[in-house]
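Engineer: Below is one structure. I have some questions about it.
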Amino acid sequence: MNPPPPATSEASDTVTPQSLRQRYEAGATVDELVTASGLSYGTVLNRLHDAGTVMRTSWQTRRMRQNPQARKRLAAHLRTLYEQHGATLTELAAAAGETRRCARRLLIEAGGTVRTTQQTLRMRAAARAAERYKVALSLRARYEAGETVPELAREHSYSVATVYRLLHQAGTRMRPQHAHGPAHTPRKRL
């Protein structure tokens with residue numbers, strides 16, 4: 001694509017540095033100012049600098065154009081994921097479609113506090129332990145209702161030893177072991 005032809009000197013004189021600055025500070029990008037004014041990129045930059053314009057980075061422009069309510073909702077959602085579900089910054093970035101740095105910034109904007117890696121690991125371990133205890137209580141209820149340990153192990157894809165361990169953690173009173181083999185008949189005394 002070829003750049004547009006340079007503007008005539010009359011057109012370039014009517015676009016003042018002050019008018020460019022006002023439009024830039026209202027949210028227009030340099031590229032948009034170039035298209036609208038017909039001036040070259042360098043000329044627009046020079047006029048913005050002549051007017052004392054403080055230049056933005058690209059992420060500041062994106063942030064400025066974002067819907068503030070949508071940004072607040074996203075930040076609040078990320079904080080919930082982070083604090084209540086133990087998500088990491090990488091997981092927040094994936095959920096938001098942003099970078100880790102942006103996810104961190106959104107988390108802080110929502111009032112969240114960034115955890116250390118050790119805090120995240122402890123939080124996740126506690127969540128796994130709580131989930132495992134729920135499973136143990138469920139197994140206990142079914143065991144006390146009459147199901148056997150091998151049946152529970154098959155149904156949940158656990159080893160028999162894991163089911164015994166979970167039942168023990170749930171404080172289950174175990175049934176007596178069955179004697180395997182043929183039934184013994186008591187002998188009669190003569």
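Letters A, B, ... mark the chains of the structure tokens in the order given; residue numbers begin at 1 per chain; ligand numbers begin at 1, in order shown.
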Would you pick out the contacts of Tyr24 (chain A) at 8 Å or less, using only C-alpha atoms, so that residues sharing its chain but fewer than 5 positions from it are not included, and give the list as an NGL selection string?

Structural biologist: :A and (29-30 or 33)

Engineer: Mind writing the picked residues with N, CA, C and O atoms as a compact mmCIF listing (two decimals), in the first residue's frame?

Structural biologist:
# COMPACT_ATOMS: atom_id res chain seq x y z
N THR A 29 -5.38 8.41 17.87
CA THR A 29 -3.99 7.95 17.75
C THR A 29 -3.27 8.81 16.71
O THR A 29 -3.91 9.53 15.94
N VAL A 30 -1.96 8.69 16.67
CA VAL A 30 -1.17 9.43 15.68
C VAL A 30 -1.58 8.99 14.28
O VAL A 30 -1.74 9.83 13.38
N LEU A 33 -4.73 10.67 13.30
CA LEU A 33 -4.49 12.09 13.00
C LEU A 33 -3.85 12.26 11.63
O LEU A 33 -4.18 13.21 10.90

Engineer: Which polymer residues have any atom within 12 Å of an atom of Ala95 (chain A), counting only C-alpha atoms, with same-chain residues fewer than 2 positions away left out, as a list of chain:residue names?

Structural biologist: A:Leu74, A:Ala75, A:His77, A:Leu78, A:Arg79, A:Leu81, A:Tyr82, A:Ala87, A:Thr88, A:Leu89, A:Thr90, A:Glu91, A:Leu92, A:Ala93, A:Gly97, A:Glu98, A:Thr99, A:Arg100, A:Cys102, A:Ala103

Engineer: Would you write out those residues with N, CA, C and O atoms, as a PDB file, in the first residue's frame?

Structural biologist:
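Result file result-v4.pdb:
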ATOM      1  N   LEU A  74     -14.423  -6.924  34.511  1.00  0.00           N
ATOM      2  CA  LEU A  74     -13.366  -7.890  34.241  1.00  0.00           C
ATOM      3  C   LEU A  74     -12.408  -7.972  35.428  1.00  0.00           C
ATOM      4  O   LEU A  74     -12.039  -9.065  35.861  1.00  0.00           O
ATOM      5  N   ALA A  75     -12.031  -6.824  35.968  1.00  0.00           N
ATOM      6  CA  ALA A  75     -11.118  -6.800  37.116  1.00  0.00           C
ATOM      7  C   ALA A  75     -11.736  -7.520  38.312  1.00  0.00           C
ATOM      8  O   ALA A  75     -11.064  -8.310  38.989  1.00  0.00           O
ATOM      9  N   HIS A  77     -14.038  -9.865  38.228  1.00  0.00           N
ATOM     10  CA  HIS A  77     -14.091 -11.300  37.905  1.00  0.00           C
ATOM     11  C   HIS A  77     -12.723 -11.950  38.116  1.00  0.00           C
ATOM     12  O   HIS A  77     -12.626 -13.038  38.705  1.00  0.00           O
ATOM     13  N   LEU A  78     -11.676 -11.284  37.665  1.00  0.00           N
ATOM     14  CA  LEU A  78     -10.331 -11.832  37.835  1.00  0.00           C
ATOM     15  C   LEU A  78      -9.973 -11.931  39.323  1.00  0.00           C
ATOM     16  O   LEU A  78      -9.340 -12.897  39.754  1.00  0.00           O
ATOM     17  N   ARG A  79     -10.384 -10.932  40.102  1.00  0.00           N
ATOM     18  CA  ARG A  79     -10.103 -10.981  41.548  1.00  0.00           C
ATOM     19  C   ARG A  79     -10.809 -12.170  42.192  1.00  0.00           C
ATOM     20  O   ARG A  79     -10.231 -12.857  43.036  1.00  0.00           O
ATOM     21  N   LEU A  81     -11.660 -15.016  40.713  1.00  0.00           N
ATOM     22  CA  LEU A  81     -10.927 -16.219  40.304  1.00  0.00           C
ATOM     23  C   LEU A  81      -9.647 -16.385  41.106  1.00  0.00           C
ATOM     24  O   LEU A  81      -9.271 -17.487  41.507  1.00  0.00           O
ATOM     25  N   TYR A  82      -8.981 -15.272  41.341  1.00  0.00           N
ATOM     26  CA  TYR A  82      -7.684 -15.294  42.015  1.00  0.00           C
ATOM     27  C   TYR A  82      -7.819 -15.624  43.494  1.00  0.00           C
ATOM     28  O   TYR A  82      -7.100 -16.462  44.012  1.00  0.00           O
ATOM     29  N   ALA A  87      -6.606 -19.173  41.366  1.00  0.00           N
ATOM     30  CA  ALA A  87      -6.005 -19.076  40.034  1.00  0.00           C
ATOM     31  C   ALA A  87      -4.663 -18.350  40.107  1.00  0.00           C
ATOM     32  O   ALA A  87      -4.427 -17.536  40.994  1.00  0.00           O
ATOM     33  N   THR A  88      -3.791 -18.657  39.164  1.00  0.00           N
ATOM     34  CA  THR A  88      -2.493 -17.983  39.073  1.00  0.00           C
ATOM     35  C   THR A  88      -2.622 -16.808  38.115  1.00  0.00           C
ATOM     36  O   THR A  88      -3.623 -16.676  37.407  1.00  0.00           O
ATOM     37  N   LEU A  89      -1.609 -15.958  38.070  1.00  0.00           N
ATOM     38  CA  LEU A  89      -1.626 -14.823  37.139  1.00  0.00           C
ATOM     39  C   LEU A  89      -1.673 -15.308  35.693  1.00  0.00           C
ATOM     40  O   LEU A  89      -2.323 -14.700  34.845  1.00  0.00           O
ATOM     41  N   THR A  90      -0.994 -16.410  35.412  1.00  0.00           N
ATOM     42  CA  THR A  90      -1.016 -16.977  34.058  1.00  0.00           C
ATOM     43  C   THR A  90      -2.428 -17.401  33.689  1.00  0.00           C
ATOM     44  O   THR A  90      -2.895 -17.163  32.567  1.00  0.00           O
ATOM     45  N   GLU A  91      -3.136 -18.023  34.625  1.00  0.00           N
ATOM     46  CA  GLU A  91      -4.510 -18.445  34.365  1.00  0.00           C
ATOM     47  C   GLU A  91      -5.436 -17.233  34.211  1.00  0.00           C
ATOM     48  O   GLU A  91      -6.353 -17.247  33.397  1.00  0.00           O
ATOM     49  N   LEU A  92      -5.180 -16.182  34.993  1.00  0.00           N
ATOM     50  CA  LEU A  92      -5.970 -14.955  34.852  1.00  0.00           C
ATOM     51  C   LEU A  92      -5.749 -14.330  33.479  1.00  0.00           C
ATOM     52  O   LEU A  92      -6.695 -13.860  32.842  1.00  0.00           O
ATOM     53  N   ALA A  93      -4.494 -14.313  33.037  1.00  0.00           N
ATOM     54  CA  ALA A  93      -4.179 -13.741  31.726  1.00  0.00           C
ATOM     55  C   ALA A  93      -4.905 -14.509  30.625  1.00  0.00           C
ATOM     56  O   ALA A  93      -5.454 -13.911  29.698  1.00  0.00           O
ATOM     57  N   GLY A  97      -7.676 -12.914  28.243  1.00  0.00           N
ATOM     58  CA  GLY A  97      -7.128 -12.699  26.909  1.00  0.00           C
ATOM     59  C   GLY A  97      -6.100 -11.580  26.900  1.00  0.00           C
ATOM     60  O   GLY A  97      -5.984 -10.834  25.939  1.00  0.00           O
ATOM     61  N   GLU A  98      -5.380 -11.457  27.999  1.00  0.00           N
ATOM     62  CA  GLU A  98      -4.395 -10.393  28.177  1.00  0.00           C
ATOM     63  C   GLU A  98      -3.050 -11.010  28.537  1.00  0.00           C
ATOM     64  O   GLU A  98      -2.911 -12.220  28.611  1.00  0.00           O
ATOM     65  N   THR A  99      -2.071 -10.156  28.822  1.00  0.00           N
ATOM     66  CA  THR A  99      -0.769 -10.615  29.285  1.00  0.00           C
ATOM     67  C   THR A  99      -0.814 -10.777  30.800  1.00  0.00           C
ATOM     68  O   THR A  99      -1.731 -10.281  31.462  1.00  0.00           O
ATOM     69  N   ARG A 100       0.197 -11.468  31.351  1.00  0.00           N
ATOM     70  CA  ARG A 100       0.282 -11.612  32.814  1.00  0.00           C
ATOM     71  C   ARG A 100       0.373 -10.245  33.481  1.00  0.00           C
ATOM     72  O   ARG A 100      -0.233 -10.007  34.509  1.00  0.00           O
ATOM     73  N   CYS A 102      -0.800  -7.366  32.433  1.00  0.00           N
ATOM     74  CA  CYS A 102      -2.104  -6.706  32.395  1.00  0.00           C
ATOM     75  C   CYS A 102      -3.054  -7.351  33.407  1.00  0.00           C
ATOM     76  O   CYS A 102      -3.803  -6.649  34.088  1.00  0.00           O
ATOM     77  N   ALA A 103      -3.024  -8.679  33.512  1.00  0.00           N
ATOM     78  CA  ALA A 103      -3.876  -9.372  34.489  1.00  0.00           C
ATOM     79  C   ALA A 103      -3.515  -8.940  35.908  1.00  0.00           C
ATOM     80  O   ALA A 103      -4.392  -8.718  36.745  1.00  0.00           O
TER      81      ALA A 103
END

Engineer: Would you mind writing down, as a VMD selection string, each residue of region 57-122 of chain A that DSSP on the backbone assigns to alpha helix (DSSP H)?

Structural biologist: chain A and resid 58 to 65 68 to 84 89 to 96 100 to 109 117 to 122

Engineer: Could those selected residues go to a file with N, CA and C atoms, as a short mmCIF file (atom, residue, chain, number, x, y, z; two decimals), in the first residue's frame?

Structural biologist:
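again.cif, freshly written:
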data_model
loop_
_atom_site.label_atom_id
_atom_site.label_comp_id
_atom_site.auth_asym_id
_atom_site.auth_seq_id
_atom_site.Cartn_x
_atom_site.Cartn_y
_atom_site.Cartn_z
N SER A 58 0.96 2.57 23.54
CA SER A 58 -0.18 1.92 22.89
C SER A 58 -1.13 1.32 23.92
N TRP A 59 -0.59 0.76 25.00
CA TRP A 59 -1.49 0.16 26.00
C TRP A 59 -2.28 1.24 26.74
N GLN A 60 -1.71 2.43 26.89
CA GLN A 60 -2.45 3.52 27.52
C GLN A 60 -3.61 3.95 26.63
N THR A 61 -3.40 3.96 25.33
CA THR A 61 -4.48 4.30 24.39
C THR A 61 -5.58 3.25 24.46
N ARG A 62 -5.22 1.97 24.46
CA ARG A 62 -6.22 0.90 24.55
C ARG A 62 -7.02 1.03 25.85
N ARG A 63 -6.31 1.29 26.92
CA ARG A 63 -6.96 1.42 28.23
C ARG A 63 -7.91 2.63 28.23
N MET A 64 -7.47 3.71 27.60
CA MET A 64 -8.28 4.93 27.55
C MET A 64 -9.58 4.69 26.78
N ARG A 65 -9.51 3.88 25.74
CA ARG A 65 -10.66 3.63 24.89
C ARG A 65 -11.58 2.55 25.43
N PRO A 68 -15.03 1.76 30.72
CA PRO A 68 -14.60 1.66 32.12
C PRO A 68 -15.42 0.65 32.93
N GLN A 69 -16.71 0.53 32.64
CA GLN A 69 -17.54 -0.42 33.38
C GLN A 69 -17.15 -1.86 33.04
N ALA A 70 -16.88 -2.11 31.76
CA ALA A 70 -16.46 -3.45 31.35
C ALA A 70 -15.12 -3.80 31.99
N ARG A 71 -14.23 -2.82 32.06
CA ARG A 71 -12.92 -3.05 32.68
C ARG A 71 -13.08 -3.37 34.17
N LYS A 72 -13.97 -2.65 34.86
CA LYS A 72 -14.21 -2.92 36.28
C LYS A 72 -14.79 -4.31 36.49
N ARG A 73 -15.74 -4.70 35.62
CA ARG A 73 -16.33 -6.04 35.74
C ARG A 73 -15.28 -7.11 35.52
N LEU A 74 -14.42 -6.92 34.51
CA LEU A 74 -13.37 -7.89 34.24
C LEU A 74 -12.41 -7.97 35.43
N ALA A 75 -12.03 -6.82 35.97
CA ALA A 75 -11.12 -6.80 37.12
C ALA A 75 -11.74 -7.52 38.31
N ALA A 76 -13.02 -7.29 38.57
CA ALA A 76 -13.69 -7.95 39.69
C ALA A 76 -13.77 -9.46 39.47
N HIS A 77 -14.04 -9.87 38.23
CA HIS A 77 -14.09 -11.30 37.90
C HIS A 77 -12.72 -11.95 38.12
N LEU A 78 -11.68 -11.28 37.67
CA LEU A 78 -10.33 -11.83 37.84
C LEU A 78 -9.97 -11.93 39.32
N ARG A 79 -10.38 -10.93 40.10
CA ARG A 79 -10.10 -10.98 41.55
C ARG A 79 -10.81 -12.17 42.19
N THR A 80 -12.05 -12.43 41.79
CA THR A 80 -12.79 -13.59 42.33
C THR A 80 -12.07 -14.88 41.98
N LEU A 81 -11.66 -15.02 40.71
CA LEU A 81 -10.93 -16.22 40.30
C LEU A 81 -9.65 -16.38 41.11
N TYR A 82 -8.98 -15.27 41.34
CA TYR A 82 -7.68 -15.29 42.02
C TYR A 82 -7.82 -15.62 43.49
N GLU A 83 -8.77 -14.97 44.16
CA GLU A 83 -8.87 -15.12 45.61
C GLU A 83 -9.69 -16.32 46.05
N GLN A 84 -10.77 -16.62 45.34
CA GLN A 84 -11.65 -17.70 45.79
C GLN A 84 -11.34 -19.04 45.15
N LEU A 89 -1.61 -15.96 38.07
CA LEU A 89 -1.63 -14.82 37.14
C LEU A 89 -1.67 -15.31 35.69
N THR A 90 -0.99 -16.41 35.41
CA THR A 90 -1.02 -16.98 34.06
C THR A 90 -2.43 -17.40 33.69
N GLU A 91 -3.14 -18.02 34.63
CA GLU A 91 -4.51 -18.45 34.36
C GLU A 91 -5.44 -17.23 34.21
N LEU A 92 -5.18 -16.18 34.99
CA LEU A 92 -5.97 -14.96 34.85
C LEU A 92 -5.75 -14.33 33.48
N ALA A 93 -4.49 -14.31 33.04
CA ALA A 93 -4.18 -13.74 31.73
C ALA A 93 -4.90 -14.51 30.63
N ALA A 94 -4.93 -15.84 30.74
CA ALA A 94 -5.63 -16.65 29.74
C ALA A 94 -7.13 -16.38 29.78
N ALA A 95 -7.69 -16.22 30.97
CA ALA A 95 -9.14 -15.97 31.11
C ALA A 95 -9.51 -14.60 30.54
N ALA A 96 -8.63 -13.63 30.69
CA ALA A 96 -8.92 -12.27 30.23
C ALA A 96 -8.47 -12.01 28.80
N ARG A 100 0.20 -11.47 31.35
CA ARG A 100 0.28 -11.61 32.81
C ARG A 100 0.37 -10.25 33.48
N ARG A 101 1.13 -9.36 32.87
CA ARG A 101 1.31 -8.02 33.44
C ARG A 101 -0.02 -7.27 33.50
N CYS A 102 -0.80 -7.37 32.43
CA CYS A 102 -2.10 -6.71 32.39
C CYS A 102 -3.05 -7.35 33.41
N ALA A 103 -3.02 -8.68 33.51
CA ALA A 103 -3.88 -9.37 34.49
C ALA A 103 -3.52 -8.94 35.91
N ARG A 104 -2.23 -8.79 36.17
CA ARG A 104 -1.77 -8.34 37.49
C ARG A 104 -2.28 -6.92 37.77
N ARG A 105 -2.19 -6.05 36.77
CA ARG A 105 -2.64 -4.67 36.92
C ARG A 105 -4.15 -4.64 37.19
N LEU A 106 -4.93 -5.45 36.47
CA LEU A 106 -6.37 -5.51 36.69
C LEU A 106 -6.70 -6.02 38.08
N LEU A 107 -5.95 -7.02 38.53
CA LEU A 107 -6.16 -7.57 39.87
C LEU A 107 -5.94 -6.50 40.94
N ILE A 108 -4.88 -5.74 40.79
CA ILE A 108 -4.57 -4.68 41.75
C ILE A 108 -5.62 -3.56 41.68
N GLU A 109 -6.09 -3.24 40.47
CA GLU A 109 -7.15 -2.22 40.32
C GLU A 109 -8.41 -2.63 41.05
N THR A 117 4.36 -17.39 45.23
CA THR A 117 4.17 -18.74 44.70
C THR A 117 3.87 -19.72 45.82
N GLN A 118 4.55 -19.58 46.95
CA GLN A 118 4.32 -20.47 48.08
C GLN A 118 2.90 -20.33 48.62
N GLN A 119 2.39 -19.12 48.67
CA GLN A 119 1.02 -18.91 49.15
C GLN A 119 0.03 -19.59 48.20
N THR A 120 0.27 -19.49 46.91
CA THR A 120 -0.60 -20.13 45.93
C THR A 120 -0.56 -21.64 46.09
N LEU A 121 0.64 -22.20 46.27
CA LEU A 121 0.76 -23.66 46.44
C LEU A 121 0.02 -24.13 47.69
N ARG A 122 0.16 -23.38 48.80
CA ARG A 122 -0.53 -23.76 50.04
C ARG A 122 -2.04 -23.66 49.86
#

Engineer: Find the spatial neighbours of Thr16 (chain A), counting only C-alpha atoms, within a cut-off of 12 Å - ignore same-chain residues fewer than 2 positions away - and output them as a VMD selection string.

Structural biologist: chain A and resid 10 to 14 18 to 23 33 37 39 43 to 44 46 to 51

Engineer: For the residues in that selection, give me N, CA, C and O atoms as a PDB file, in the first residue's frame.

Structural biologist:
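out_39.pdb, written as the output of this step:
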ATOM      1  N   GLU A  10      -1.331  24.670   1.930  1.00  0.00           N
ATOM      2  CA  GLU A  10      -2.496  25.356   2.484  1.00  0.00           C
ATOM      3  C   GLU A  10      -3.192  24.472   3.521  1.00  0.00           C
ATOM      4  O   GLU A  10      -3.562  24.930   4.586  1.00  0.00           O
ATOM      5  N   ALA A  11      -3.370  23.150   3.198  1.00  0.00           N
ATOM      6  CA  ALA A  11      -4.035  22.224   4.115  1.00  0.00           C
ATOM      7  C   ALA A  11      -3.192  22.011   5.372  1.00  0.00           C
ATOM      8  O   ALA A  11      -3.712  21.926   6.474  1.00  0.00           O
ATOM      9  N   SER A  12      -1.865  21.939   5.187  1.00  0.00           N
ATOM     10  CA  SER A  12      -1.010  21.701   6.345  1.00  0.00           C
ATOM     11  C   SER A  12      -0.948  22.914   7.258  1.00  0.00           C
ATOM     12  O   SER A  12      -0.723  22.785   8.443  1.00  0.00           O
ATOM     13  N   ASP A  13      -1.183  24.096   6.709  1.00  0.00           N
ATOM     14  CA  ASP A  13      -1.174  25.297   7.541  1.00  0.00           C
ATOM     15  C   ASP A  13      -2.439  25.413   8.383  1.00  0.00           C
ATOM     16  O   ASP A  13      -2.423  26.019   9.450  1.00  0.00           O
ATOM     17  N   THR A  14      -3.575  24.846   7.905  1.00  0.00           N
ATOM     18  CA  THR A  14      -4.824  24.952   8.649  1.00  0.00           C
ATOM     19  C   THR A  14      -4.873  23.996   9.830  1.00  0.00           C
ATOM     20  O   THR A  14      -5.676  24.184  10.745  1.00  0.00           O
ATOM     21  N   GLN A  18      -2.097  22.952  18.114  1.00  0.00           N
ATOM     22  CA  GLN A  18      -3.053  22.929  19.215  1.00  0.00           C
ATOM     23  C   GLN A  18      -4.259  22.057  18.892  1.00  0.00           C
ATOM     24  O   GLN A  18      -4.743  21.321  19.734  1.00  0.00           O
ATOM     25  N   SER A  19      -4.746  22.133  17.650  1.00  0.00           N
ATOM     26  CA  SER A  19      -5.911  21.304  17.271  1.00  0.00           C
ATOM     27  C   SER A  19      -5.520  19.819  17.261  1.00  0.00           C
ATOM     28  O   SER A  19      -6.308  18.964  17.673  1.00  0.00           O
ATOM     29  N   LEU A  20      -4.306  19.510  16.804  1.00  0.00           N
ATOM     30  CA  LEU A  20      -3.838  18.121  16.826  1.00  0.00           C
ATOM     31  C   LEU A  20      -3.733  17.621  18.269  1.00  0.00           C
ATOM     32  O   LEU A  20      -4.116  16.495  18.589  1.00  0.00           O
ATOM     33  N   ARG A  21      -3.221  18.482  19.144  1.00  0.00           N
ATOM     34  CA  ARG A  21      -3.075  18.101  20.554  1.00  0.00           C
ATOM     35  C   ARG A  21      -4.441  17.811  21.175  1.00  0.00           C
ATOM     36  O   ARG A  21      -4.609  16.810  21.885  1.00  0.00           O
ATOM     37  N   GLN A  22      -5.427  18.658  20.905  1.00  0.00           N
ATOM     38  CA  GLN A  22      -6.764  18.451  21.473  1.00  0.00           C
ATOM     39  C   GLN A  22      -7.353  17.121  21.018  1.00  0.00           C
ATOM     40  O   GLN A  22      -7.912  16.379  21.824  1.00  0.00           O
ATOM     41  N   ARG A  23      -7.228  16.817  19.753  1.00  0.00           N
ATOM     42  CA  ARG A  23      -7.765  15.552  19.232  1.00  0.00           C
ATOM     43  C   ARG A  23      -7.000  14.349  19.791  1.00  0.00           C
ATOM     44  O   ARG A  23      -7.593  13.317  20.094  1.00  0.00           O
ATOM     45  N   LEU A  33      -4.733  10.674  13.298  1.00  0.00           N
ATOM     46  CA  LEU A  33      -4.493  12.094  12.999  1.00  0.00           C
ATOM     47  C   LEU A  33      -3.854  12.262  11.627  1.00  0.00           C
ATOM     48  O   LEU A  33      -4.178  13.205  10.899  1.00  0.00           O
ATOM     49  N   SER A  37      -5.773  14.383   8.840  1.00  0.00           N
ATOM     50  CA  SER A  37      -5.182  15.674   8.448  1.00  0.00           C
ATOM     51  C   SER A  37      -4.529  15.646   7.079  1.00  0.00           C
ATOM     52  O   SER A  37      -4.353  16.688   6.451  1.00  0.00           O
ATOM     53  N   LEU A  39      -1.482  14.953   6.725  1.00  0.00           N
ATOM     54  CA  LEU A  39      -0.067  15.260   6.969  1.00  0.00           C
ATOM     55  C   LEU A  39       0.723  13.968   7.089  1.00  0.00           C
ATOM     56  O   LEU A  39       0.170  12.894   7.313  1.00  0.00           O
ATOM     57  N   THR A  43       5.377  14.837  10.466  1.00  0.00           N
ATOM     58  CA  THR A  43       4.850  16.189  10.658  1.00  0.00           C
ATOM     59  C   THR A  43       3.865  16.225  11.819  1.00  0.00           C
ATOM     60  O   THR A  43       3.893  17.126  12.655  1.00  0.00           O
ATOM     61  N   VAL A  44       2.986  15.202  11.891  1.00  0.00           N
ATOM     62  CA  VAL A  44       2.014  15.141  12.997  1.00  0.00           C
ATOM     63  C   VAL A  44       2.755  15.024  14.321  1.00  0.00           C
ATOM     64  O   VAL A  44       2.447  15.741  15.290  1.00  0.00           O
ATOM     65  N   ASN A  46       5.825  15.981  15.024  1.00  0.00           N
ATOM     66  CA  ASN A  46       6.508  17.258  15.295  1.00  0.00           C
ATOM     67  C   ASN A  46       5.531  18.301  15.830  1.00  0.00           C
ATOM     68  O   ASN A  46       5.837  19.022  16.776  1.00  0.00           O
ATOM     69  N   ARG A  47       4.350  18.384  15.231  1.00  0.00           N
ATOM     70  CA  ARG A  47       3.371  19.374  15.685  1.00  0.00           C
ATOM     71  C   ARG A  47       2.846  19.036  17.088  1.00  0.00           C
ATOM     72  O   ARG A  47       2.595  19.934  17.885  1.00  0.00           O
ATOM     73  N   LEU A  48       2.676  17.748  17.362  1.00  0.00           N
ATOM     74  CA  LEU A  48       2.251  17.353  18.715  1.00  0.00           C
ATOM     75  C   LEU A  48       3.319  17.744  19.738  1.00  0.00           C
ATOM     76  O   LEU A  48       3.002  18.261  20.813  1.00  0.00           O
ATOM     77  N   HIS A  49       4.579  17.502  19.398  1.00  0.00           N
ATOM     78  CA  HIS A  49       5.676  17.874  20.304  1.00  0.00           C
ATOM     79  C   HIS A  49       5.771  19.391  20.459  1.00  0.00           C
ATOM     80  O   HIS A  49       6.011  19.890  21.556  1.00  0.00           O
ATOM     81  N   ASP A  50       5.570  20.124  19.362  1.00  0.00           N
ATOM     82  CA  ASP A  50       5.597  21.593  19.426  1.00  0.00           C
ATOM     83  C   ASP A  50       4.515  22.122  20.368  1.00  0.00           C
ATOM     84  O   ASP A  50       4.699  23.136  21.040  1.00  0.00           O
ATOM     85  N   ALA A  51       3.375  21.410  20.436  1.00  0.00           N
ATOM     86  CA  ALA A  51       2.267  21.850  21.290  1.00  0.00           C
ATOM     87  C   ALA A  51       2.451  21.392  22.740  1.00  0.00           C
ATOM     88  O   ALA A  51       1.606  21.670  23.580  1.00  0.00           O
TER      89      ALA A  51
END

Engineer: Excluding region 137-144 of chain A and residues on its chain fewer than 5 positions from it, collect all residues at most 7 Å away from it, counting only C-alpha atoms, and give them as a count of residues only.

Structural biologist: 3

Engineer: Need to verify the contact set: Leu166 (chain A), 8 Å, only C-alpha atoms, exclusion of same-chain residues closer than 5 positions in sequence. Can you return it as a PyMOL selection string?

Structural biologist: chain A and resi 132-133+135-136+139

Engineer: Please report the interatomic distance between CA of Ser157 (chain A) and CA of Lys134 (chain A) in Å with one decimal.

Structural biologist: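 Value for the CA of Ser157 (chain A)-CA of Lys134 (chain A) distance: 16.3 Å.
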
Engineer: One decimal, in Å: what's the spacing between CA of His168 (chain A) and CA of Arg124 (chain A)?

Structural biologist: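 According to the coordinates, CA of His168 (chain A) and CA of Arg124 (chain A) are separated by 22.9 Å.
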
Engineer: Between CA of Met174 (chain A) and CA of Gly146 (chain A), what is the distance in Å, rounded to a tenth?

Structural biologist: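 Taking CA of Met174 (chain A) as the start and CA of Gly146 (chain A) as the end point, the length is 11.1 Å.
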